[in-house]
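Undergrad: Take this structure, written in structure tokens, and hold onto it; I'll ask about it next.
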Amino acid sequence: MSSERHMGRRYTLLHSRMGRRLLLLFIGSALLPILLLAGLSYKHVAQQLEEQCYKYMHHSAKSMGLFIFMRLVDYESQMVALADYLQRASVELPVDLDSVIVDTIVPKFSGLSLCHLSGDQIQSFGWESAAPPLTAEQQRRVAAGETVIATAGDGPGVGLVYMYRACRVGRQGDLYLVGELARSWLNDPGGDVTSAPLQTMHLFDQNGISLARSTPEEIPGHLVYADEVEGPTVYRFEWTSSAGDYFASYWDIFLAGRFAAGSWRLVLSRPQTDVLSPMHDFKLIFPLVVLLSVLLILLFSHMQIRRTMYPLEVLKAGTGRLAAGDFESQLSIDSGDELEDLANSFNTMSTRLGKQFGLLEGIADIDRAILSTLDTAEIKSIVMTRFDQTLACSHVEISFAGDNEPEPGRIPDTSTVSDGKQSNGNGGAAYPGHLVLEPGGGQPDYCTGILRRDECAYLILPLTLAGNLVGLISLEYGEEISAEEIDYARQLADQVVVALSNSELLTKLRRLNWGTLLALARAVDAKSSWTAGHSERVTDMALQIGRQLELADEDMDLLHRASLLHDIGKLGIKLEILDKPGKLTDEEFSKIREHPEIGARILEPIPSYIDIVPVIMQHHEHFDGRGYPDGLSGDGISLGARIIAVADVYDALHFDRPYRRGWELPKVREFIAERAGTQFDPEVVAAFLQISTGLNSNDLMVPAQPLNPNPQNGEVSI
């Protein structure tokens, strides 16, 4: 037994959804915080390293930018010295340079030349190439005595830097010196400025031309000034080359104030692998820590879940059987903890639920039986079946007052019955809640015909309604009847009484409802002596048409109610208009046409009549859309309204009105048939013609007189 239990526990842990959920819960409660903390730590450290790298490169770029600016100032001083020398040395061109000048100043430039402001070269000092011509603004700045710097691309390599300075030689006033800075202009005596530890340098002019770089790798041109779209304070970006990924920061060298040139951008880059190298060891250690944590959590969770899942599996199986309606199976758990107590409580609950569900099902069946049928035999059959299924009795007998069986008498107030008495409310004899007859004790006279054997115990349950005995239930038992059994039996018997009472109330309510409808219809018809009985006759004809069309029961019920109240809106029409013997005026006829809407407004506040409001609104609509009040047509008119329209016109033509005598039935049939498809629904007309074939007009009307049936606008006044 013990080995089977352990096998069951292992099986539960491996295959149970709850076991897997608990295992994941144990793992997640420890592993997820570790992963989250490690991830946040890794991200924070990486961000800090990246931020420190950017700050370092930004400060380095700033320092290097200041150095480059000072180098340009140094070149400017050399250019100024040369210009001063030329102004003092000669008054005629060409100029001979002193050996000191040739040895100290000229080597700093790749070439020097003396030019007119127009751009024409006058004299070259070891330089055959031509410098880029000055713009009008640059000429103005040079003429004003300022130093101007310009740049130019040199194919795919590094761009060239030119420096311009005004110079007077003798009487030649509009001259300037132009020098191309040497390729090594950024180098100082101590080494190459472009070579910085762990980082590379790129220098660009305002047009994105590369002026210097410390690596063959080129930064993509679209990244150099990309931050200008976002704002001038970013100072950082990333770029990629064949050698790898780089973090980059820059500094703009402002030249406009001193050299009449746009700002140059100095970019310092550093490989991302160098910046993030401290994270390498963390990546190696972190998976080992996570793996060790998972193994420890798995071991601990396996031990705890294995102790819990077997009882839960047993409880799960038990609840499944209970949900399937098996209230007799019992659970056996000896875990020695709260789960064992839960199993014992479950067993008690299951037993009681079985009895209660049986009782509720019996009560529901009794309700349905009595409320759905008036057949006493069917009601008795269902009640007897539910008593037999729910209780432990061996036989059930039931008798209602008025049965052809021996009618049960009143159960007398006897001293042998001391429990559960019920007063009849009239000060007369009382009926006990139940009566227990012991075996061999004989039987009262009122039980004659329903007790079969003297050797059995019987439980007698009277059914009383409004103080009157309406039935008697006899339950046969082969042994002693328990108090719990009596309680269940009395509940079922009480429900039979409640169901009978509800049935009686529903019957009275239906009668009251139909009586109210009929009273309203007669109130409408009583307004005029000419329309007495009109609503009831229309209702009778409409129901005959509905049956001919084989309408469903609910549709027939709606048609019945709507027909009785179809003219209720005429309560709002003046009597002198309704009874006027002559032709109606346009104003009077417009008042008559309002009665469908008046009727709808009268009935709208009554929830139980809301479904017949559309029928009452539409019973004067025409099939071709020429009716009133909304001009509906075809299937847009409710079927009930289309039926009432035919029945209404039939009654209006067939019986006397103040403006004409009633028509004979053949003429009425002809009138309605001619308007099939225009005023009336053809299907409804066909049904009416079939019904009216068997009507006897002589029993229903006075012979017709040749009067005009259309007193106003082609509409039959009804």
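Each chain of the structure tokens is named A, B, ... in the order shown, its residues numbered from 1; ligands are numbered from 1 in display order.
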Please, which residues of range 138-313 of chain A, numbered as in this document, come out strand (DSSP E) from DSSP, as a compact mmCIF listing (two decimals) with all heavy atoms, in the first residue's frame?
TA:
```
# COMPACT_ATOMS: atom_id res chain seq x y z
N VAL A 148 41.58 83.95 -43.20
CA VAL A 148 40.47 83.11 -43.65
C VAL A 148 41.00 81.70 -43.90
O VAL A 148 42.09 81.54 -44.47
CB VAL A 148 39.83 83.68 -44.93
CG1 VAL A 148 38.79 82.71 -45.49
CG2 VAL A 148 39.19 85.03 -44.65
N ILE A 149 40.21 80.69 -43.47
CA ILE A 149 40.54 79.29 -43.71
C ILE A 149 39.47 78.70 -44.61
O ILE A 149 38.27 78.92 -44.42
CB ILE A 149 40.62 78.49 -42.39
CG1 ILE A 149 41.86 78.91 -41.61
CG2 ILE A 149 40.66 76.99 -42.66
CD1 ILE A 149 42.01 78.21 -40.27
N ALA A 150 39.90 77.94 -45.60
CA ALA A 150 38.99 77.23 -46.49
C ALA A 150 39.47 75.80 -46.64
O ALA A 150 40.65 75.50 -46.41
CB ALA A 150 38.92 77.93 -47.85
N THR A 151 38.55 74.92 -47.01
CA THR A 151 38.88 73.50 -47.18
C THR A 151 38.43 73.06 -48.55
O THR A 151 37.53 73.64 -49.17
CB THR A 151 38.22 72.64 -46.10
OG1 THR A 151 36.81 72.84 -46.17
CG2 THR A 151 38.70 72.99 -44.72
N ALA A 152 39.04 71.97 -49.01
CA ALA A 152 38.67 71.40 -50.30
C ALA A 152 38.92 69.91 -50.25
O ALA A 152 39.85 69.44 -49.59
CB ALA A 152 39.46 72.05 -51.43
N LEU A 160 42.07 68.98 -47.99
CA LEU A 160 43.14 69.96 -47.85
C LEU A 160 42.63 71.18 -47.11
O LEU A 160 41.46 71.55 -47.22
CB LEU A 160 43.66 70.36 -49.24
CG LEU A 160 44.19 69.20 -50.11
CD1 LEU A 160 44.59 69.72 -51.48
CD2 LEU A 160 45.34 68.48 -49.42
N VAL A 161 43.56 71.85 -46.39
CA VAL A 161 43.23 73.04 -45.62
C VAL A 161 44.07 74.19 -46.16
O VAL A 161 45.31 74.08 -46.31
CB VAL A 161 43.52 72.83 -44.13
CG1 VAL A 161 43.15 74.08 -43.35
CG2 VAL A 161 42.76 71.62 -43.60
N TYR A 162 43.41 75.31 -46.46
CA TYR A 162 44.08 76.49 -47.00
C TYR A 162 43.87 77.66 -46.05
O TYR A 162 42.79 77.82 -45.46
CB TYR A 162 43.54 76.86 -48.38
CG TYR A 162 43.72 75.77 -49.41
CD1 TYR A 162 42.71 74.82 -49.62
CD2 TYR A 162 44.88 75.68 -50.16
CE1 TYR A 162 42.87 73.82 -50.56
CE2 TYR A 162 45.04 74.68 -51.11
CZ TYR A 162 44.03 73.76 -51.30
OH TYR A 162 44.19 72.76 -52.23
N MET A 163 44.95 78.54 -45.96
CA MET A 163 44.88 79.72 -45.11
C MET A 163 45.20 80.94 -45.96
O MET A 163 46.17 80.95 -46.74
CB MET A 163 45.87 79.59 -43.95
CG MET A 163 45.77 80.72 -42.94
SD MET A 163 46.81 80.43 -41.49
CE MET A 163 45.88 79.16 -40.67
N TYR A 164 44.38 81.98 -45.82
CA TYR A 164 44.51 83.20 -46.62
C TYR A 164 44.76 84.37 -45.67
O TYR A 164 44.12 84.49 -44.61
CB TYR A 164 43.24 83.46 -47.42
CG TYR A 164 42.85 82.35 -48.37
CD1 TYR A 164 42.15 81.23 -47.92
CD2 TYR A 164 43.19 82.42 -49.71
CE1 TYR A 164 41.79 80.22 -48.78
CE2 TYR A 164 42.82 81.41 -50.59
CZ TYR A 164 42.12 80.31 -50.11
OH TYR A 164 41.75 79.31 -50.97
N ARG A 165 45.70 85.31 -46.15
CA ARG A 165 46.02 86.49 -45.34
C ARG A 165 46.36 87.64 -46.27
O ARG A 165 47.13 87.49 -47.23
CB ARG A 165 47.21 86.20 -44.42
CG ARG A 165 47.62 87.35 -43.55
CD ARG A 165 46.65 87.54 -42.41
NE ARG A 165 47.01 88.72 -41.61
CZ ARG A 165 46.41 89.05 -40.47
NH1 ARG A 165 45.43 88.24 -39.99
NH2 ARG A 165 46.77 90.11 -39.80
N ALA A 166 45.79 88.82 -46.03
CA ALA A 166 46.08 90.00 -46.85
C ALA A 166 47.56 90.39 -46.73
O ALA A 166 48.16 90.24 -45.66
CB ALA A 166 45.19 91.16 -46.43
N CYS A 167 48.13 90.90 -47.85
CA CYS A 167 49.56 91.24 -47.86
C CYS A 167 49.78 92.40 -48.85
O CYS A 167 49.27 92.36 -49.98
CB CYS A 167 50.39 90.02 -48.25
SG CYS A 167 52.16 90.34 -48.35
N ARG A 168 50.54 93.40 -48.43
CA ARG A 168 50.88 94.52 -49.31
C ARG A 168 52.36 94.39 -49.70
O ARG A 168 53.22 94.22 -48.84
CB ARG A 168 50.67 95.85 -48.62
CG ARG A 168 49.20 96.21 -48.45
CD ARG A 168 49.08 97.55 -47.74
NE ARG A 168 47.69 97.94 -47.65
CZ ARG A 168 47.02 98.61 -48.59
NH1 ARG A 168 47.65 98.96 -49.69
NH2 ARG A 168 45.76 98.93 -48.45
N VAL A 169 52.64 94.48 -50.97
CA VAL A 169 54.02 94.45 -51.47
C VAL A 169 54.22 95.72 -52.30
O VAL A 169 53.63 95.85 -53.40
CB VAL A 169 54.30 93.20 -52.31
CG1 VAL A 169 55.76 93.23 -52.82
CG2 VAL A 169 54.04 91.95 -51.51
N GLN A 172 51.47 97.41 -54.47
CA GLN A 172 50.44 96.41 -54.81
C GLN A 172 49.55 96.19 -53.57
O GLN A 172 49.93 95.47 -52.65
CB GLN A 172 51.10 95.08 -55.22
CG GLN A 172 52.03 95.22 -56.40
CD GLN A 172 51.30 95.59 -57.67
OE1 GLN A 172 50.18 95.15 -57.88
NE2 GLN A 172 51.94 96.40 -58.52
N GLY A 173 48.41 96.82 -53.53
CA GLY A 173 47.57 96.77 -52.32
C GLY A 173 46.64 95.59 -52.24
O GLY A 173 46.41 95.04 -51.17
N ASP A 174 46.02 95.13 -53.34
CA ASP A 174 45.00 94.09 -53.31
C ASP A 174 45.61 92.72 -53.52
O ASP A 174 45.31 91.99 -54.46
CB ASP A 174 43.95 94.35 -54.39
CG ASP A 174 43.19 95.62 -54.15
OD1 ASP A 174 43.07 95.99 -52.97
OD2 ASP A 174 42.71 96.23 -55.12
N LEU A 175 46.51 92.35 -52.63
CA LEU A 175 47.17 91.04 -52.70
C LEU A 175 46.89 90.27 -51.41
O LEU A 175 46.55 90.86 -50.38
CB LEU A 175 48.68 91.21 -52.89
CG LEU A 175 49.14 92.01 -54.11
CD1 LEU A 175 50.65 92.09 -54.12
CD2 LEU A 175 48.64 91.38 -55.40
N TYR A 176 47.04 88.97 -51.51
CA TYR A 176 46.94 88.14 -50.31
C TYR A 176 47.83 86.93 -50.46
O TYR A 176 48.16 86.49 -51.56
CB TYR A 176 45.50 87.71 -50.04
CG TYR A 176 44.90 86.80 -51.09
CD1 TYR A 176 45.06 85.42 -51.00
CD2 TYR A 176 44.16 87.32 -52.16
CE1 TYR A 176 44.50 84.59 -51.97
CE2 TYR A 176 43.61 86.50 -53.11
CZ TYR A 176 43.77 85.12 -53.01
OH TYR A 176 43.23 84.30 -53.95
N LEU A 177 48.25 86.41 -49.31
CA LEU A 177 49.02 85.17 -49.26
C LEU A 177 48.05 84.02 -49.06
O LEU A 177 47.10 84.11 -48.27
CB LEU A 177 50.01 85.20 -48.09
CG LEU A 177 51.33 85.91 -48.32
CD1 LEU A 177 52.08 86.02 -47.00
CD2 LEU A 177 52.17 85.17 -49.35
N VAL A 178 48.30 82.92 -49.75
CA VAL A 178 47.52 81.70 -49.53
C VAL A 178 48.50 80.55 -49.35
O VAL A 178 49.48 80.42 -50.10
CB VAL A 178 46.57 81.42 -50.70
CG1 VAL A 178 47.30 81.34 -52.02
CG2 VAL A 178 45.81 80.12 -50.46
N GLY A 179 48.26 79.76 -48.32
CA GLY A 179 49.14 78.62 -48.06
C GLY A 179 48.34 77.36 -47.81
O GLY A 179 47.30 77.38 -47.15
N GLU A 180 48.80 76.27 -48.37
CA GLU A 180 48.20 74.96 -48.12
C GLU A 180 48.94 74.32 -46.95
O GLU A 180 50.16 74.14 -46.99
CB GLU A 180 48.32 74.08 -49.35
CG GLU A 180 47.76 72.67 -49.13
CD GLU A 180 48.01 71.76 -50.32
OE1 GLU A 180 47.92 72.24 -51.47
OE2 GLU A 180 48.30 70.58 -50.09
N LEU A 181 48.16 74.03 -45.85
CA LEU A 181 48.80 73.45 -44.67
C LEU A 181 49.37 72.08 -45.03
O LEU A 181 48.76 71.32 -45.79
CB LEU A 181 47.80 73.30 -43.53
CG LEU A 181 47.58 74.55 -42.66
CD1 LEU A 181 47.03 75.72 -43.48
CD2 LEU A 181 46.66 74.21 -41.48
N THR A 200 40.02 56.34 -31.76
CA THR A 200 40.42 56.87 -33.06
C THR A 200 39.81 58.24 -33.26
O THR A 200 38.82 58.61 -32.61
CB THR A 200 39.94 55.94 -34.18
OG1 THR A 200 38.51 55.82 -34.12
CG2 THR A 200 40.55 54.55 -34.03
N MET A 201 40.44 59.02 -34.16
CA MET A 201 40.02 60.40 -34.38
C MET A 201 39.66 60.62 -35.85
O MET A 201 40.34 60.11 -36.75
CB MET A 201 41.15 61.35 -33.97
CG MET A 201 40.78 62.84 -34.01
SD MET A 201 40.98 63.61 -35.65
CE MET A 201 42.74 63.59 -35.84
N HIS A 202 38.57 61.39 -36.08
CA HIS A 202 38.20 61.85 -37.40
C HIS A 202 37.86 63.33 -37.30
O HIS A 202 37.15 63.75 -36.36
CB HIS A 202 36.97 61.11 -37.95
CG HIS A 202 37.23 59.66 -38.27
ND1 HIS A 202 37.32 58.69 -37.30
CD2 HIS A 202 37.42 59.03 -39.47
CE1 HIS A 202 37.54 57.51 -37.87
NE2 HIS A 202 37.61 57.69 -39.19
N LEU A 203 38.39 64.11 -38.26
CA LEU A 203 38.12 65.55 -38.28
C LEU A 203 37.41 65.88 -39.60
O LEU A 203 37.89 65.52 -40.68
CB LEU A 203 39.43 66.35 -38.17
CG LEU A 203 39.28 67.87 -38.19
CD1 LEU A 203 38.48 68.34 -36.97
CD2 LEU A 203 40.66 68.54 -38.21
N PHE A 204 36.26 66.57 -39.50
CA PHE A 204 35.46 66.92 -40.67
C PHE A 204 35.23 68.42 -40.69
O PHE A 204 35.12 69.07 -39.64
CB PHE A 204 34.10 66.22 -40.64
CG PHE A 204 34.18 64.72 -40.61
CD1 PHE A 204 34.21 64.03 -39.41
CD2 PHE A 204 34.22 64.00 -41.79
CE1 PHE A 204 34.27 62.65 -39.39
CE2 PHE A 204 34.28 62.62 -41.77
CZ PHE A 204 34.32 61.94 -40.57
N SER A 210 36.42 64.99 -44.91
CA SER A 210 37.37 64.49 -43.92
C SER A 210 38.70 65.23 -44.06
O SER A 210 39.33 65.21 -45.12
CB SER A 210 37.59 62.98 -44.12
OG SER A 210 38.57 62.50 -43.23
N LEU A 211 39.13 65.89 -42.97
CA LEU A 211 40.38 66.65 -42.97
C LEU A 211 41.51 65.87 -42.35
O LEU A 211 42.69 66.13 -42.65
CB LEU A 211 40.19 67.97 -42.23
CG LEU A 211 39.07 68.88 -42.78
CD1 LEU A 211 38.97 70.14 -41.94
CD2 LEU A 211 39.32 69.23 -44.23
N ALA A 212 41.19 64.93 -41.46
CA ALA A 212 42.24 64.12 -40.83
C ALA A 212 41.58 62.93 -40.17
O ALA A 212 40.43 63.01 -39.72
CB ALA A 212 43.01 64.95 -39.80
N ARG A 213 42.27 61.81 -40.06
CA ARG A 213 41.77 60.64 -39.35
C ARG A 213 42.95 59.77 -38.94
O ARG A 213 43.99 59.75 -39.61
CB ARG A 213 40.77 59.85 -40.18
CG ARG A 213 41.27 59.28 -41.50
CD ARG A 213 40.17 58.40 -42.11
NE ARG A 213 40.58 57.82 -43.38
CZ ARG A 213 40.29 58.30 -44.57
NH1 ARG A 213 39.57 59.42 -44.66
NH2 ARG A 213 40.70 57.70 -45.68
N ARG A 236 26.80 62.51 -29.35
CA ARG A 236 27.16 61.10 -29.37
C ARG A 236 26.37 60.38 -30.46
O ARG A 236 25.28 60.79 -30.82
CB ARG A 236 26.88 60.44 -28.02
CG ARG A 236 25.42 60.43 -27.62
CD ARG A 236 25.21 59.78 -26.27
NE ARG A 236 25.84 60.53 -25.22
CZ ARG A 236 25.82 60.18 -23.93
NH1 ARG A 236 25.20 59.06 -23.58
NH2 ARG A 236 26.42 60.90 -23.02
N PHE A 237 26.96 59.28 -30.94
CA PHE A 237 26.28 58.39 -31.86
C PHE A 237 27.08 57.10 -31.94
O PHE A 237 28.16 56.98 -31.33
CB PHE A 237 26.08 59.02 -33.24
CG PHE A 237 27.36 59.39 -33.96
CD1 PHE A 237 28.01 58.48 -34.79
CD2 PHE A 237 27.93 60.64 -33.79
CE1 PHE A 237 29.17 58.82 -35.45
CE2 PHE A 237 29.09 60.99 -34.45
CZ PHE A 237 29.72 60.08 -35.28
N GLU A 238 26.53 56.11 -32.66
CA GLU A 238 27.22 54.84 -32.86
C GLU A 238 27.38 54.60 -34.35
O GLU A 238 26.55 55.02 -35.15
CB GLU A 238 26.43 53.69 -32.23
CG GLU A 238 26.25 53.81 -30.72
CD GLU A 238 25.43 52.67 -30.14
OE1 GLU A 238 25.21 51.67 -30.87
OE2 GLU A 238 25.02 52.76 -28.98
N TRP A 239 28.46 53.92 -34.73
CA TRP A 239 28.67 53.60 -36.13
C TRP A 239 29.35 52.26 -36.25
O TRP A 239 29.95 51.75 -35.29
CB TRP A 239 29.44 54.70 -36.85
CG TRP A 239 30.84 54.94 -36.35
CD1 TRP A 239 31.20 55.61 -35.23
CD2 TRP A 239 32.07 54.51 -36.98
NE1 TRP A 239 32.55 55.65 -35.09
CE2 TRP A 239 33.12 54.97 -36.16
CE3 TRP A 239 32.38 53.80 -38.13
CZ2 TRP A 239 34.46 54.74 -36.46
CZ3 TRP A 239 33.70 53.56 -38.44
CH2 TRP A 239 34.73 54.03 -37.62
N THR A 240 29.27 51.68 -37.44
CA THR A 240 29.77 50.33 -37.67
C THR A 240 30.63 50.33 -38.93
O THR A 240 30.30 50.98 -39.93
CB THR A 240 28.59 49.35 -37.85
OG1 THR A 240 27.78 49.38 -36.67
CG2 THR A 240 29.10 47.93 -38.06
N SER A 241 31.72 49.60 -38.84
CA SER A 241 32.59 49.40 -39.99
C SER A 241 32.94 47.92 -40.09
O SER A 241 32.48 47.10 -39.27
CB SER A 241 33.86 50.25 -39.87
OG SER A 241 34.70 49.72 -38.85
N GLY A 244 34.26 46.50 -36.83
CA GLY A 244 33.41 46.29 -35.67
C GLY A 244 32.51 47.48 -35.40
O GLY A 244 32.36 48.40 -36.23
N ASP A 245 31.89 47.48 -34.19
CA ASP A 245 30.98 48.54 -33.77
C ASP A 245 31.71 49.52 -32.87
O ASP A 245 32.56 49.13 -32.05
CB ASP A 245 29.78 47.95 -33.02
CG ASP A 245 28.98 47.01 -33.90
OD1 ASP A 245 28.92 47.26 -35.11
OD2 ASP A 245 28.44 46.02 -33.37
N TYR A 246 31.32 50.81 -32.99
CA TYR A 246 32.02 51.87 -32.26
C TYR A 246 31.01 52.76 -31.54
O TYR A 246 29.91 53.01 -32.04
CB TYR A 246 32.85 52.74 -33.21
CG TYR A 246 34.01 52.04 -33.86
CD1 TYR A 246 33.85 51.30 -35.03
CD2 TYR A 246 35.29 52.11 -33.31
CE1 TYR A 246 34.92 50.67 -35.64
CE2 TYR A 246 36.37 51.48 -33.91
CZ TYR A 246 36.18 50.76 -35.07
OH TYR A 246 37.24 50.12 -35.66
N PHE A 247 31.43 53.24 -30.34
CA PHE A 247 30.79 54.38 -29.70
C PHE A 247 31.54 55.61 -30.15
O PHE A 247 32.78 55.60 -30.23
CB PHE A 247 30.85 54.29 -28.17
CG PHE A 247 30.05 53.16 -27.60
CD1 PHE A 247 30.64 52.25 -26.71
CD2 PHE A 247 28.73 52.99 -27.92
CE1 PHE A 247 29.91 51.22 -26.18
CE2 PHE A 247 27.99 51.95 -27.39
CZ PHE A 247 28.58 51.05 -26.52
N ALA A 248 30.85 56.71 -30.43
CA ALA A 248 31.51 57.92 -30.92
C ALA A 248 30.95 59.15 -30.22
O ALA A 248 29.76 59.22 -29.91
CB ALA A 248 31.32 58.06 -32.43
N SER A 249 31.86 60.11 -29.93
CA SER A 249 31.48 61.41 -29.38
C SER A 249 32.24 62.48 -30.14
O SER A 249 33.27 62.20 -30.75
CB SER A 249 31.80 61.48 -27.89
OG SER A 249 31.34 62.70 -27.34
N TYR A 250 31.78 63.71 -30.12
CA TYR A 250 32.39 64.73 -30.95
C TYR A 250 32.40 66.07 -30.25
O TYR A 250 31.74 66.28 -29.23
CB TYR A 250 31.66 64.85 -32.28
CG TYR A 250 30.21 65.27 -32.17
CD1 TYR A 250 29.86 66.62 -32.12
CD2 TYR A 250 29.19 64.33 -32.10
CE1 TYR A 250 28.55 67.02 -32.00
CE2 TYR A 250 27.87 64.71 -31.97
CZ TYR A 250 27.55 66.07 -31.93
OH TYR A 250 26.26 66.44 -31.80
N TRP A 251 33.17 66.97 -30.84
CA TRP A 251 33.24 68.36 -30.36
C TRP A 251 33.34 69.25 -31.59
O TRP A 251 34.12 68.98 -32.51
CB TRP A 251 34.45 68.56 -29.45
CG TRP A 251 34.56 69.98 -28.95
CD1 TRP A 251 35.28 70.99 -29.48
CD2 TRP A 251 33.87 70.52 -27.82
NE1 TRP A 251 35.12 72.15 -28.78
CE2 TRP A 251 34.24 71.89 -27.72
CE3 TRP A 251 33.00 70.01 -26.88
CZ2 TRP A 251 33.76 72.73 -26.74
CZ3 TRP A 251 32.52 70.84 -25.89
CH2 TRP A 251 32.89 72.18 -25.82
N ASP A 252 32.57 70.31 -31.63
CA ASP A 252 32.60 71.25 -32.75
C ASP A 252 33.60 72.38 -32.46
O ASP A 252 33.52 73.03 -31.39
CB ASP A 252 31.20 71.84 -32.98
CG ASP A 252 30.26 70.82 -33.59
OD1 ASP A 252 30.74 69.88 -34.23
OD2 ASP A 252 29.02 70.96 -33.41
N ILE A 253 34.53 72.57 -33.39
CA ILE A 253 35.55 73.62 -33.26
C ILE A 253 35.02 74.87 -33.95
O ILE A 253 34.81 74.89 -35.18
CB ILE A 253 36.88 73.18 -33.90
CG1 ILE A 253 37.34 71.84 -33.29
CG2 ILE A 253 37.96 74.24 -33.71
CD1 ILE A 253 38.53 71.23 -33.99
N TRP A 264 34.28 73.08 -37.55
CA TRP A 264 34.76 71.73 -37.86
C TRP A 264 34.28 70.78 -36.77
O TRP A 264 34.13 71.18 -35.61
CB TRP A 264 36.29 71.70 -37.93
CG TRP A 264 36.84 72.45 -39.12
CD1 TRP A 264 36.16 73.07 -40.10
CD2 TRP A 264 38.23 72.65 -39.39
NE1 TRP A 264 36.98 73.66 -41.00
CE2 TRP A 264 38.31 73.40 -40.60
CE3 TRP A 264 39.43 72.27 -38.78
CZ2 TRP A 264 39.50 73.78 -41.17
CZ3 TRP A 264 40.62 72.65 -39.36
CH2 TRP A 264 40.66 73.40 -40.55
N ARG A 265 34.05 69.55 -37.14
CA ARG A 265 33.59 68.55 -36.17
C ARG A 265 34.69 67.52 -35.95
O ARG A 265 35.13 66.83 -36.88
CB ARG A 265 32.31 67.88 -36.64
CG ARG A 265 31.80 66.79 -35.73
CD ARG A 265 30.31 66.57 -35.87
NE ARG A 265 29.56 67.73 -35.40
CZ ARG A 265 28.24 67.79 -35.35
NH1 ARG A 265 27.53 66.74 -35.74
NH2 ARG A 265 27.62 68.87 -34.92
N LEU A 266 35.13 67.41 -34.70
CA LEU A 266 36.14 66.44 -34.30
C LEU A 266 35.43 65.26 -33.66
O LEU A 266 34.74 65.42 -32.65
CB LEU A 266 37.13 67.06 -33.31
CG LEU A 266 38.20 66.12 -32.75
CD1 LEU A 266 39.14 65.65 -33.85
CD2 LEU A 266 38.98 66.78 -31.62
N VAL A 267 35.56 64.07 -34.24
CA VAL A 267 34.88 62.87 -33.77
C VAL A 267 35.91 61.89 -33.21
O VAL A 267 36.87 61.54 -33.89
CB VAL A 267 34.09 62.19 -34.91
CG1 VAL A 267 33.39 60.94 -34.39
CG2 VAL A 267 33.08 63.16 -35.50
N LEU A 268 35.69 61.46 -31.95
CA LEU A 268 36.52 60.43 -31.33
C LEU A 268 35.68 59.17 -31.20
O LEU A 268 34.53 59.22 -30.75
CB LEU A 268 37.03 60.87 -29.96
CG LEU A 268 38.02 62.04 -29.93
CD1 LEU A 268 38.48 62.31 -28.52
CD2 LEU A 268 39.21 61.76 -30.83
N SER A 269 36.22 58.01 -31.56
CA SER A 269 35.50 56.74 -31.54
C SER A 269 36.29 55.72 -30.72
O SER A 269 37.53 55.78 -30.65
CB SER A 269 35.29 56.21 -32.96
OG SER A 269 34.62 57.16 -33.76
N ARG A 270 35.53 54.79 -30.15
CA ARG A 270 36.16 53.71 -29.37
C ARG A 270 35.39 52.43 -29.62
O ARG A 270 34.15 52.44 -29.59
CB ARG A 270 36.15 54.05 -27.89
CG ARG A 270 36.95 53.06 -27.03
CD ARG A 270 37.04 53.54 -25.61
NE ARG A 270 37.75 52.59 -24.78
CZ ARG A 270 37.96 52.73 -23.47
NH1 ARG A 270 37.50 53.83 -22.86
NH2 ARG A 270 38.60 51.81 -22.78
N PRO A 271 36.07 51.31 -29.86
CA PRO A 271 35.36 50.04 -30.11
C PRO A 271 34.49 49.65 -28.93
O PRO A 271 34.91 49.76 -27.77
CB PRO A 271 36.50 49.04 -30.34
CG PRO A 271 37.66 49.86 -30.74
CD PRO A 271 37.54 51.16 -30.00
```
Undergrad: Need to verify the contact set: Lys283 in chain A, 12 Å, only C-alpha atoms, exclusion of same-chain residues closer than 3 positions in sequence. Can you return it as a list in words?
TA: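 Once the nearby chain positions are removed, what remains is Ala38, Gly39, Ser41, Tyr42, Lys43, Ala46, Leu276, Ser277, Pro278, Met279, His280, Phe286, Pro287, Leu288, Val289 and Val290 of chain A.
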Undergrad: For the selection you just gave me, I'd like the residues written to a file as a CSV table (one decimal), in the first residue's frame, keeping C-alpha atoms.
TA:
```csv
chain,number,residue,atom,x,y,z
A,38,ALA,CA,21.0,40.1,-12.8
A,39,GLY,CA,19.4,41.6,-15.9
A,41,SER,CA,22.5,44.9,-12.9
A,42,TYR,CA,23.9,43.9,-16.3
A,43,LYS,CA,22.0,46.7,-18.0
A,46,ALA,CA,26.6,48.4,-19.3
A,276,LEU,CA,32.1,46.5,-22.5
A,277,SER,CA,35.0,44.2,-21.9
A,278,PRO,CA,34.4,44.3,-18.0
A,279,MET,CA,31.1,42.6,-18.7
A,280,HIS,CA,32.7,39.5,-20.2
A,286,PHE,CA,25.9,34.5,-14.3
A,287,PRO,CA,24.7,31.3,-16.0
A,288,LEU,CA,26.5,29.1,-13.4
A,289,VAL,CA,24.8,31.0,-10.6
A,290,VAL,CA,21.4,30.6,-12.3
```
Undergrad: Pick the closest to Gly153 in chain A from A:Glu137, A:Asp540, A:Glu604, A:Asp205: which is it, counting only C-alpha atoms?
TA: A:Asp205
Undergrad: Just to confirm, what's the straight-line distance from CA of Leu653 in chain A to CA of Gly640 in chain A in Å (one decimal)?
TA: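 Pair CA of Leu653 in chain A / CA of Gly640 in chain A returns 20.1 Å.
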